[in-house]
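Here is the structure we will look at, set down as structure tokens.
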Amino acid sequence: MAEGIFKLMLYLARAIFVFLGGVAGYQVVRIAVLQDWWPKGTFHFSFIPFIFGVVLFALIGYLVTPFFVRLLGFIGLSFEKNLETLSWHDISVALAGLIAGLIVANLAALPFADLPVVGSYLAVLLNVVLGYLGATLFLKRKEEIHGMWSSIGGLKQRFSIRGKRTKESGDNALTELAIEPGNERLAVKLLDTSVIIDGRILEIAATGFLEGPFILPRFILNELQTIADSSDPTRRTKGRRGLDIINELRQLSDVSVQILEVTLKDFDVGSVDEGLVALAKELAAKVVTTDYNLNKIAQIQGVSVLNVNELANALKPSLLPGESITVDVLREGKEPQQGVGYLDDGTMIVVENGEDFIGKRVEVVVTSMLQTSAGRMVFGRIKKEVRP
């Protein structure tokens with residue numbers, strides 16, 4: 001199918017290039033005859049030079065067609081690969097920058113339009129250079145441009161930190177933290193380091209289940225950068241994964257990720273968790289996390305928490321006491337005679353009197369379940385050993 005389409009395109013392109021080549025050949029010979037560039041001789045005013053020019057340039061067009069089609073296909077594939085990594089938001093910003101650059105280029109080229117020979121070439125050069133610069137600059141400033149458009153339309157909130165704490169006010173408030181428009185406030189969500197490294201927040205945000213803007217405090221971003229620069233390979237991998245998740249979140253067209261320029265010194269706290277809770281209080285925001293300890297600390301201080309582990313647990317199919325499941329006992333448990341195995345979804349199952357069956361597959365009857373924000377545990381007793 002693809003080969004047939006390519007051949008059809010090649011035939012059409014050859015027909016077009018042969019026609020254009022013939023027209024170009026006729027024009028070249030015509031100019032040569034009118035300017036007396038054609039050698040003096042018998043055929044000076046004959047139609048033979050025109051036939052020669054048409055045939056020659058048509059042949060050239062026929063020969064260069066395959067190279068042109070392949071070049072066009074290569075350029076198309078390159079554009080397609082580049083556009084796969086761009087959202088509609090990025091494309092619209094780049095087009096706006098290109099249009100702005102072309103407008104400036106044409107205005108700049110007006111004084112040079114009457115210059116002989118170089119005037120038209122200079123206009124083309126200005127269009128290429130300024131068009132490229134416009135698209136590049138707009139892409140680099142896409143967040144600010146998107147925020148400006150949104151604020152003009154009144155479609156989303158704007159967050160800004162313009163100052164530090166005021167010692168004179170004595171109210172420990174951030175002096176110029178503004179949330180617009182008006183008094184309407186969506187559910188602001190602060191991202192914790194753990195939920196960023198975990199990565200599931202990206203999939204949840206992409207589905208559109210979480211509304212409102214995500215706020216990334218500067219001290220969280222600094223912690224991620226510190227982890228990414230760690231000498232420990234495991235921590236370094238986690239940190240880099242977190243930075244990649246942030247970049248992918250910012251690429252989502254329906255999600256706003258704002259970096260808030262605040263540090264731990266602004267809240268007079270010594271840990272990232274304390275700073276996150278303090279900032280959540282001032283913004284009346286929710287904290288998105290997978291950290292069990294931060295979850296408890298925030299709830300004690302009256303801060304709403306969105307725990308991704310709790311969401312995952314709520315979506316898992318539940319097991320009822322009395323049901324039988326097959327599990328491989330992999331290791332011993334914390335208590336005597338206990339064995340531990342795992343279900344296909346990663347849920348840990350504690351098997352009573354399963355220590356003697358380590359390395360074996362058994363059928364287990366569920367006796368009880370323990371579900372917490374840190375995860376889910378299933379308890380059961382052995383019904384029988386399952387032969388492989």
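Letters A, B, ... mark the chains of the structure tokens in the order given; residue numbers begin at 1 per chain; ligand numbers begin at 1, in order shown.
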
So that I can see what lies close to stretch 129-134 of chain A, please list as a short mmCIF file (atom, residue, chain, number, x, y, z; two decimals) with N, CA and C atoms, in the first residue's frame the residues with an atom at most 12 Å from it, counting only C-alpha atoms and leaving out residues fewer than 2 positions away in the same chain.
data_model
loop_
_atom_site.label_atom_id
_atom_site.label_comp_id
_atom_site.auth_asym_id
_atom_site.auth_seq_id
_atom_site.Cartn_x
_atom_site.Cartn_y
_atom_site.Cartn_z
N VAL A 93 1.79 28.42 20.09
CA VAL A 93 2.73 29.47 20.51
C VAL A 93 3.80 29.67 19.42
N ALA A 94 4.31 28.56 18.86
CA ALA A 94 5.33 28.68 17.81
C ALA A 94 4.78 29.38 16.58
N LEU A 95 3.54 29.07 16.20
CA LEU A 95 2.94 29.74 15.05
C LEU A 95 2.75 31.22 15.30
N ALA A 96 2.34 31.56 16.53
CA ALA A 96 2.19 32.98 16.87
C ALA A 96 3.54 33.70 16.79
N GLY A 97 4.60 33.04 17.28
CA GLY A 97 5.93 33.64 17.18
C GLY A 97 6.40 33.78 15.75
N LEU A 98 6.09 32.77 14.91
CA LEU A 98 6.47 32.84 13.50
C LEU A 98 5.77 34.00 12.81
N ILE A 99 4.47 34.15 13.07
CA ILE A 99 3.72 35.25 12.45
C ILE A 99 4.27 36.61 12.90
N ALA A 100 4.55 36.72 14.20
CA ALA A 100 5.11 37.98 14.71
C ALA A 100 6.47 38.28 14.07
N GLY A 101 7.30 37.23 13.94
CA GLY A 101 8.61 37.42 13.33
C GLY A 101 8.51 37.83 11.87
N LEU A 102 7.56 37.24 11.12
CA LEU A 102 7.38 37.59 9.71
C LEU A 102 6.87 39.02 9.54
N ILE A 103 6.00 39.45 10.45
CA ILE A 103 5.50 40.83 10.39
C ILE A 103 6.65 41.81 10.59
N VAL A 104 7.47 41.55 11.62
CA VAL A 104 8.62 42.43 11.88
C VAL A 104 9.59 42.39 10.71
N ALA A 105 9.81 41.20 10.11
CA ALA A 105 10.74 41.08 8.99
C ALA A 105 10.28 41.90 7.79
N ASN A 106 9.01 41.82 7.48
CA ASN A 106 8.50 42.58 6.33
C ASN A 106 8.54 44.08 6.56
N LEU A 107 8.28 44.50 7.79
CA LEU A 107 8.41 45.92 8.10
C LEU A 107 9.85 46.38 7.99
N ALA A 108 10.77 45.53 8.47
CA ALA A 108 12.20 45.88 8.40
C ALA A 108 12.71 45.88 6.97
N ALA A 109 12.10 45.06 6.09
CA ALA A 109 12.58 44.96 4.71
C ALA A 109 12.07 46.09 3.82
N LEU A 122 17.50 40.26 0.37
CA LEU A 122 17.57 40.70 1.75
C LEU A 122 16.23 40.51 2.45
N ALA A 123 15.13 40.74 1.73
CA ALA A 123 13.80 40.53 2.31
C ALA A 123 13.59 39.06 2.67
N VAL A 124 14.01 38.15 1.78
CA VAL A 124 13.90 36.72 2.05
C VAL A 124 14.73 36.34 3.27
N LEU A 125 15.95 36.85 3.35
CA LEU A 125 16.83 36.55 4.48
C LEU A 125 16.23 37.03 5.79
N LEU A 126 15.67 38.24 5.79
CA LEU A 126 15.06 38.77 7.01
C LEU A 126 13.85 37.94 7.42
N ASN A 127 13.05 37.49 6.46
CA ASN A 127 11.89 36.66 6.78
C ASN A 127 12.31 35.35 7.41
N THR A 136 11.24 30.67 18.02
CA THR A 136 12.10 30.18 19.11
C THR A 136 11.85 30.94 20.40
N LEU A 137 11.79 32.28 20.32
CA LEU A 137 11.59 33.09 21.52
C LEU A 137 10.22 32.83 22.14
N PHE A 138 9.21 32.69 21.32
CA PHE A 138 7.87 32.43 21.86
C PHE A 138 7.81 31.07 22.53
N LEU A 139 8.51 30.07 21.97
CA LEU A 139 8.52 28.75 22.61
C LEU A 139 9.23 28.79 23.96
N LYS A 140 10.32 29.55 24.05
CA LYS A 140 11.05 29.64 25.31
C LYS A 140 10.22 30.36 26.37
N ARG A 141 9.34 31.24 25.97
CA ARG A 141 8.51 32.01 26.90
C ARG A 141 7.05 31.55 26.85
N LYS A 142 6.85 30.27 26.50
CA LYS A 142 5.48 29.80 26.29
C LYS A 142 4.63 29.86 27.55
#

- Item | Test item, helix (DSSP H, G or I) assignment across stretch 199-341 of chain A, answer as a ChimeraX atom specification | /A:200-207,218-228,233-251,264-267,272-283,292-300,308-315

- Test item: residues at most 7 Å from stretch 328-330 of chain A, only C-alpha atoms, excluding those fewer than 6 positions along its chain, as a VMD selection string: chain A and resid 339 to 341 357 to 362

Selected residues written out with N, CA and C atoms, as a compact mmCIF listing (two decimals), in the first residue's frame:
# COMPACT_ATOMS: atom_id res chain seq x y z
N GLY A 339 4.62 -16.73 56.44
CA GLY A 339 5.22 -16.63 55.12
C GLY A 339 4.63 -15.45 54.38
N VAL A 340 5.38 -14.92 53.44
CA VAL A 340 4.95 -13.73 52.72
C VAL A 340 5.00 -14.00 51.21
N GLY A 341 3.95 -13.62 50.53
CA GLY A 341 3.89 -13.69 49.07
C GLY A 341 3.27 -12.43 48.53
N PHE A 357 6.47 -23.43 53.74
CA PHE A 357 6.12 -23.53 52.33
C PHE A 357 6.85 -22.49 51.48
N ILE A 358 7.95 -21.93 52.02
CA ILE A 358 8.71 -20.92 51.27
C ILE A 358 9.27 -21.56 50.00
N GLY A 359 9.06 -20.88 48.87
CA GLY A 359 9.51 -21.41 47.59
C GLY A 359 8.48 -22.30 46.91
N LYS A 360 7.30 -22.44 47.54
CA LYS A 360 6.27 -23.30 46.97
C LYS A 360 5.02 -22.48 46.65
N ARG A 361 4.18 -23.03 45.82
CA ARG A 361 2.91 -22.40 45.45
C ARG A 361 1.79 -23.07 46.25
N VAL A 362 0.98 -22.25 46.90
CA VAL A 362 -0.08 -22.77 47.76
C VAL A 362 -1.38 -22.06 47.46

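The neighbours of A:Met377 here are the residues that come within 9 Å of it, using only C-alpha atoms and leaving out any residue fewer than 3 positions away in the same chain; they are A:Thr347, A:Met348, A:Ile349, A:Val350, A:Ser368, A:Met369, A:Leu370, A:Gln371, A:Thr372.
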
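With only C-alpha atoms as the atoms that count, the minimum distance from A:Thr289 to the choices A:Val277, A:Leu306, A:Val327, A:Val255 is reached by A:Leu306.
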
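Remark: for A:Ser253, the closest of the candidate residues A:Pro233, A:Gly53, A:Gly239, A:Pro213 is A:Pro213 (distances computed over only C-alpha atoms).
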
Find the spatial neighbours of A:Ala206, counting only C-alpha atoms, within a cut-off of 9 Å - ignore same-chain residues fewer than 3 positions away - and output them as a tab-separated table (two decimals) with C-alpha atoms, in the first residue's frame.
chain	number	residue	atom	x	y	z
A	201	ILE	CA	0.61	11.76	39.14
A	202	LEU	CA	1.42	12.22	35.43
A	203	GLU	CA	-1.07	9.55	34.38
A	209	PHE	CA	-9.42	13.72	37.09
A	210	LEU	CA	-7.49	16.43	38.97
A	249	LEU	CA	3.52	17.54	33.34
A	252	LEU	CA	0.13	18.65	29.18
A	254	ASP	CA	-4.92	20.88	30.24
A	255	VAL	CA	-2.60	21.14	33.26

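Counting only C-alpha atoms, the residue from A:Arg200, A:Arg331, A:Lys189, A:Lys383 that sits nearest to A:Arg241 is A:Arg200.
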
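The gap separating atom CA of A:Lys281 from atom CA of A:Thr263 is 15.2 Å, in Å to one decimal.
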
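Taking only C-alpha atoms into account, A:Asp198 lies nearest to A:Val308 out of the set A:Val269, A:Val308, A:Leu71, A:Leu283.
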
- Give me the residues within 7 Å of A:Val288 as number ranges by chain, counting only C-alpha atoms and dropping any in the same chain fewer than 2 places off. A: 189-192, 195, 286, 305-307

- Query: Counting only C-alpha atoms, what is within 10 Å of A:Ser194, bar same-chain residues fewer than 3 positions away, as number ranges by chain?
  - Reply: A: 191, 197-199, 220, 224, 238, 242, 288-292, 294

Go ahead and save the picked residues with N, CA and C atoms, as a PDB file, in the first residue's frame.
ATOM      1  N   LEU A 191       2.655  19.974  45.020  1.00  0.00           N
ATOM      2  CA  LEU A 191       3.273  18.698  44.705  1.00  0.00           C
ATOM      3  C   LEU A 191       4.424  18.415  45.654  1.00  0.00           C
ATOM      4  N   ILE A 197       8.456  11.842  42.159  1.00  0.00           N
ATOM      5  CA  ILE A 197       9.330  10.703  41.842  1.00  0.00           C
ATOM      6  C   ILE A 197       8.500   9.461  41.545  1.00  0.00           C
ATOM      7  N   ASP A 198       7.390   9.288  42.266  1.00  0.00           N
ATOM      8  CA  ASP A 198       6.514   8.133  42.057  1.00  0.00           C
ATOM      9  C   ASP A 198       6.026   8.060  40.601  1.00  0.00           C
ATOM     10  N   GLY A 199       5.657   9.200  40.019  1.00  0.00           N
ATOM     11  CA  GLY A 199       5.340   9.262  38.605  1.00  0.00           C
ATOM     12  C   GLY A 199       3.884   9.045  38.241  1.00  0.00           C
ATOM     13  N   ILE A 220      10.977  22.440  46.827  1.00  0.00           N
ATOM     14  CA  ILE A 220      10.757  21.070  46.340  1.00  0.00           C
ATOM     15  C   ILE A 220      11.622  20.816  45.112  1.00  0.00           C
ATOM     16  N   LEU A 224      14.662  18.051  44.578  1.00  0.00           N
ATOM     17  CA  LEU A 224      14.769  17.131  43.443  1.00  0.00           C
ATOM     18  C   LEU A 224      16.115  17.258  42.744  1.00  0.00           C
ATOM     19  N   LYS A 238      16.267   8.326  40.753  1.00  0.00           N
ATOM     20  CA  LYS A 238      14.978   8.829  41.219  1.00  0.00           C
ATOM     21  C   LYS A 238      14.843  10.327  40.978  1.00  0.00           C
ATOM     22  N   GLY A 242      12.176  12.283  38.604  1.00  0.00           N
ATOM     23  CA  GLY A 242      11.287  13.348  39.070  1.00  0.00           C
ATOM     24  C   GLY A 242      11.340  14.579  38.176  1.00  0.00           C
ATOM     25  N   VAL A 288      -0.446  17.035  47.504  1.00  0.00           N
ATOM     26  CA  VAL A 288      -0.478  15.769  46.768  1.00  0.00           C
ATOM     27  C   VAL A 288       0.803  15.019  47.102  1.00  0.00           C
ATOM     28  N   THR A 289       0.679  13.808  47.627  1.00  0.00           N
ATOM     29  CA  THR A 289       1.851  13.088  48.115  1.00  0.00           C
ATOM     30  C   THR A 289       1.619  11.587  48.085  1.00  0.00           C
ATOM     31  N   THR A 290       2.697  10.834  48.281  1.00  0.00           N
ATOM     32  CA  THR A 290       2.617   9.398  48.568  1.00  0.00           C
ATOM     33  C   THR A 290       3.320   9.088  49.881  1.00  0.00           C
ATOM     34  N   ASP A 291       3.803  10.129  50.567  1.00  0.00           N
ATOM     35  CA  ASP A 291       4.541   9.974  51.820  1.00  0.00           C
ATOM     36  C   ASP A 291       3.554   9.787  52.973  1.00  0.00           C
ATOM     37  N   TYR A 292       3.636   8.651  53.626  1.00  0.00           N
ATOM     38  CA  TYR A 292       2.703   8.345  54.718  1.00  0.00           C
ATOM     39  C   TYR A 292       2.881   9.315  55.886  1.00  0.00           C
ATOM     40  N   LEU A 294       4.190  12.425  55.886  1.00  0.00           N
ATOM     41  CA  LEU A 294       3.697  13.756  55.528  1.00  0.00           C
ATOM     42  C   LEU A 294       2.179  13.782  55.528  1.00  0.00           C
TER      43      LEU A 294
END
